[in-house]
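Novice: Take a look at the following structure, please.
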Amino acid sequence: MGGSDIRRSMPLLSIGSVTMLTDLSARQIRYYEEHGLISPARTEGNKRLFSLNDIDKLLEIKDLVGQGVNMAGIKQIYQVRQQAKAEEDSRLARRNQKELSDSELRKLLRKELLQAGRFHRNNQHGDINRFFH
């Protein structure tokens, strides 16, 4: 997560500010929260604080509702997105694990070659070390 991503996810805005920025009512915003579409942070006094990412999501929800998508449809869209992101994260994790394994394999192979080179050094001319920089 880059610096910009962190700033966009910082909970800074009150529900009053969000209603002005999104043109949604506090009741609509609370309704979307009840349905799990947004999860604003809470202060110690239990007041909601919204991030710029929350604002983006609320504007997107507002746009979807304006296009005639109902709550079930919106939930489905976000569920599919969340599943796709989880699958992508899992795929990246597997790829990173494979790269790590390949790296470990190269280290092991190098060690084996070096040991074989030392073992055969007396009866072969050439040094296995010349293949590594």
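FYI, nothing fancy with the structure tokens labels: chains A, B, ... in order, residues from 1 per chain, ligands from 1 as they appear.
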Just the residues within 12 Å of Asp23 (chain A), please, counting only C-alpha atoms, with nothing from its chain fewer than 3 positions along; format it as a ChimeraX atom specification.
Specialist: /A:15-20,26-29,55,58-59,62-63
Novice: What would the file look like if the residues just selected were written as a short mmCIF file (atom, residue, chain, number, x, y, z; two decimals), in the first residue's frame with C-alpha atoms?
Specialist:
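The file below, out.cif, is the result:
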data_model
loop_
_atom_site.label_atom_id
_atom_site.label_comp_id
_atom_site.auth_asym_id
_atom_site.auth_seq_id
_atom_site.Cartn_x
_atom_site.Cartn_y
_atom_site.Cartn_z
CA ILE A 15 -21.16 12.16 8.26
CA GLY A 16 -22.19 15.81 7.84
CA SER A 17 -19.28 16.46 5.48
CA VAL A 18 -20.05 13.25 3.61
CA THR A 19 -23.70 14.21 3.09
CA MET A 20 -22.55 17.50 1.54
CA ALA A 26 -27.35 10.58 6.61
CA ARG A 27 -30.19 8.04 6.58
CA GLN A 28 -29.08 6.67 3.18
CA ILE A 29 -25.47 6.45 4.34
CA ILE A 55 -16.68 8.68 -0.38
CA LEU A 58 -20.74 5.95 -1.71
CA LEU A 59 -20.66 7.87 -4.99
CA LYS A 62 -25.34 6.33 -5.63
CA ASP A 63 -24.54 5.95 -9.34
#
Novice: May I have all residues of chain A that DSSP, computed from the backbone, assigns to alpha helix (DSSP H), given as a PyMOL selection string?
Specialist: chain A and resi 3-8+15-22+26-34+52-66+71-120
Novice: Print the selection's residues with C-alpha atoms to a file, as an mmCIF file, in the first residue's frame.
Specialist:
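part-v6.cif, freshly written:
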data_model
loop_
_atom_site.group_PDB
_atom_site.id
_atom_site.type_symbol
_atom_site.label_atom_id
_atom_site.label_comp_id
_atom_site.auth_asym_id
_atom_site.auth_seq_id
_atom_site.Cartn_x
_atom_site.Cartn_y
_atom_site.Cartn_z
ATOM 1 C CA GLY A 3 1.457 6.615 0.685
ATOM 2 C CA SER A 4 -1.425 7.840 -1.453
ATOM 3 C CA ASP A 5 -3.443 4.674 -0.710
ATOM 4 C CA ILE A 6 -2.863 5.139 3.006
ATOM 5 C CA ARG A 7 -4.013 8.772 2.867
ATOM 6 C CA ARG A 8 -7.134 7.804 0.891
ATOM 7 C CA ILE A 15 -21.160 12.161 8.264
ATOM 8 C CA GLY A 16 -22.193 15.812 7.844
ATOM 9 C CA SER A 17 -19.283 16.457 5.480
ATOM 10 C CA VAL A 18 -20.046 13.251 3.605
ATOM 11 C CA THR A 19 -23.697 14.206 3.086
ATOM 12 C CA MET A 20 -22.553 17.504 1.536
ATOM 13 C CA LEU A 21 -19.910 15.835 -0.668
ATOM 14 C CA THR A 22 -22.130 12.999 -1.912
ATOM 15 C CA ALA A 26 -27.350 10.579 6.609
ATOM 16 C CA ARG A 27 -30.187 8.036 6.579
ATOM 17 C CA GLN A 28 -29.082 6.669 3.177
ATOM 18 C CA ILE A 29 -25.472 6.449 4.339
ATOM 19 C CA ARG A 30 -26.479 4.591 7.518
ATOM 20 C CA TYR A 31 -28.630 2.253 5.390
ATOM 21 C CA TYR A 32 -25.646 1.363 3.175
ATOM 22 C CA GLU A 33 -23.602 0.768 6.311
ATOM 23 C CA GLU A 34 -26.311 -1.523 7.736
ATOM 24 C CA LEU A 52 -11.888 9.312 0.727
ATOM 25 C CA ASN A 53 -12.242 5.652 -0.284
ATOM 26 C CA ASP A 54 -15.591 5.562 1.559
ATOM 27 C CA ILE A 55 -16.683 8.675 -0.382
ATOM 28 C CA ASP A 56 -15.705 7.008 -3.684
ATOM 29 C CA LYS A 57 -17.697 3.920 -2.754
ATOM 30 C CA LEU A 58 -20.740 5.950 -1.707
ATOM 31 C CA LEU A 59 -20.656 7.870 -4.995
ATOM 32 C CA GLU A 60 -20.419 4.585 -6.879
ATOM 33 C CA ILE A 61 -23.362 3.156 -4.911
ATOM 34 C CA LYS A 62 -25.337 6.330 -5.633
ATOM 35 C CA ASP A 63 -24.541 5.954 -9.339
ATOM 36 C CA LEU A 64 -25.595 2.274 -9.356
ATOM 37 C CA VAL A 65 -28.872 3.116 -7.594
ATOM 38 C CA GLY A 66 -29.408 5.869 -10.180
ATOM 39 C CA MET A 71 -29.504 -3.408 -3.076
ATOM 40 C CA ALA A 72 -29.189 -7.123 -3.866
ATOM 41 C CA GLY A 73 -27.517 -6.276 -7.180
ATOM 42 C CA ILE A 74 -25.097 -3.853 -5.536
ATOM 43 C CA LYS A 75 -24.193 -6.437 -2.894
ATOM 44 C CA GLN A 76 -23.616 -8.999 -5.663
ATOM 45 C CA ILE A 77 -21.305 -6.605 -7.537
ATOM 46 C CA TYR A 78 -19.200 -5.995 -4.430
ATOM 47 C CA GLN A 79 -19.181 -9.691 -3.516
ATOM 48 C CA VAL A 80 -17.901 -10.639 -6.987
ATOM 49 C CA ARG A 81 -15.263 -7.886 -6.800
ATOM 50 C CA GLN A 82 -14.143 -8.991 -3.347
ATOM 51 C CA GLN A 83 -13.900 -12.612 -4.512
ATOM 52 C CA ALA A 84 -11.918 -11.593 -7.613
ATOM 53 C CA LYS A 85 -9.531 -9.543 -5.453
ATOM 54 C CA ALA A 86 -9.074 -12.459 -3.032
ATOM 55 C CA GLU A 87 -8.320 -14.791 -5.949
ATOM 56 C CA GLU A 88 -5.824 -12.304 -7.409
ATOM 57 C CA ASP A 89 -4.133 -11.893 -4.010
ATOM 58 C CA SER A 90 -3.939 -15.676 -3.689
ATOM 59 C CA ARG A 91 -2.508 -16.009 -7.204
ATOM 60 C CA LEU A 92 0.129 -13.360 -6.453
ATOM 61 C CA ALA A 93 1.014 -15.087 -3.188
ATOM 62 C CA ARG A 94 1.455 -18.413 -5.010
ATOM 63 C CA ARG A 95 3.598 -16.728 -7.671
ATOM 64 C CA ASN A 96 5.764 -15.097 -4.996
ATOM 65 C CA GLN A 97 6.103 -18.464 -3.246
ATOM 66 C CA LYS A 98 7.132 -20.093 -6.537
ATOM 67 C CA GLU A 99 9.721 -17.369 -7.170
ATOM 68 C CA LEU A 100 11.072 -17.892 -3.666
ATOM 69 C CA SER A 101 11.229 -21.630 -4.293
ATOM 70 C CA ASP A 102 13.035 -21.104 -7.598
ATOM 71 C CA SER A 103 15.509 -18.834 -5.833
ATOM 72 C CA GLU A 104 16.098 -21.429 -3.128
ATOM 73 C CA LEU A 105 16.508 -24.089 -5.805
ATOM 74 C CA ARG A 106 19.173 -22.012 -7.579
ATOM 75 C CA LYS A 107 21.062 -21.567 -4.294
ATOM 76 C CA LEU A 108 20.924 -25.296 -3.616
ATOM 77 C CA LEU A 109 22.068 -26.109 -7.162
ATOM 78 C CA ARG A 110 24.953 -23.646 -6.872
ATOM 79 C CA LYS A 111 26.011 -25.201 -3.572
ATOM 80 C CA GLU A 112 25.877 -28.709 -5.096
ATOM 81 C CA LEU A 113 27.894 -27.611 -8.140
ATOM 82 C CA LEU A 114 30.498 -25.925 -5.953
ATOM 83 C CA GLN A 115 30.832 -29.055 -3.807
ATOM 84 C CA ALA A 116 31.066 -31.221 -6.941
ATOM 85 C CA GLY A 117 33.688 -28.836 -8.326
ATOM 86 C CA ARG A 118 35.825 -29.135 -5.194
ATOM 87 C CA PHE A 119 35.471 -32.910 -5.254
ATOM 88 C CA HIS A 120 36.539 -33.205 -8.905
#
Novice: To one decimal place, how far is CA of Arg42 (chain A) from CA of Val69 (chain A) in Å?
Specialist: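 The value is 28.7 Å.
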Novice: Report, in Å with one decimal, the straight-line distance from CA of Phe50 (chain A) to CA of Ser14 (chain A).
Specialist: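 A separation of 6.3 Å between them.
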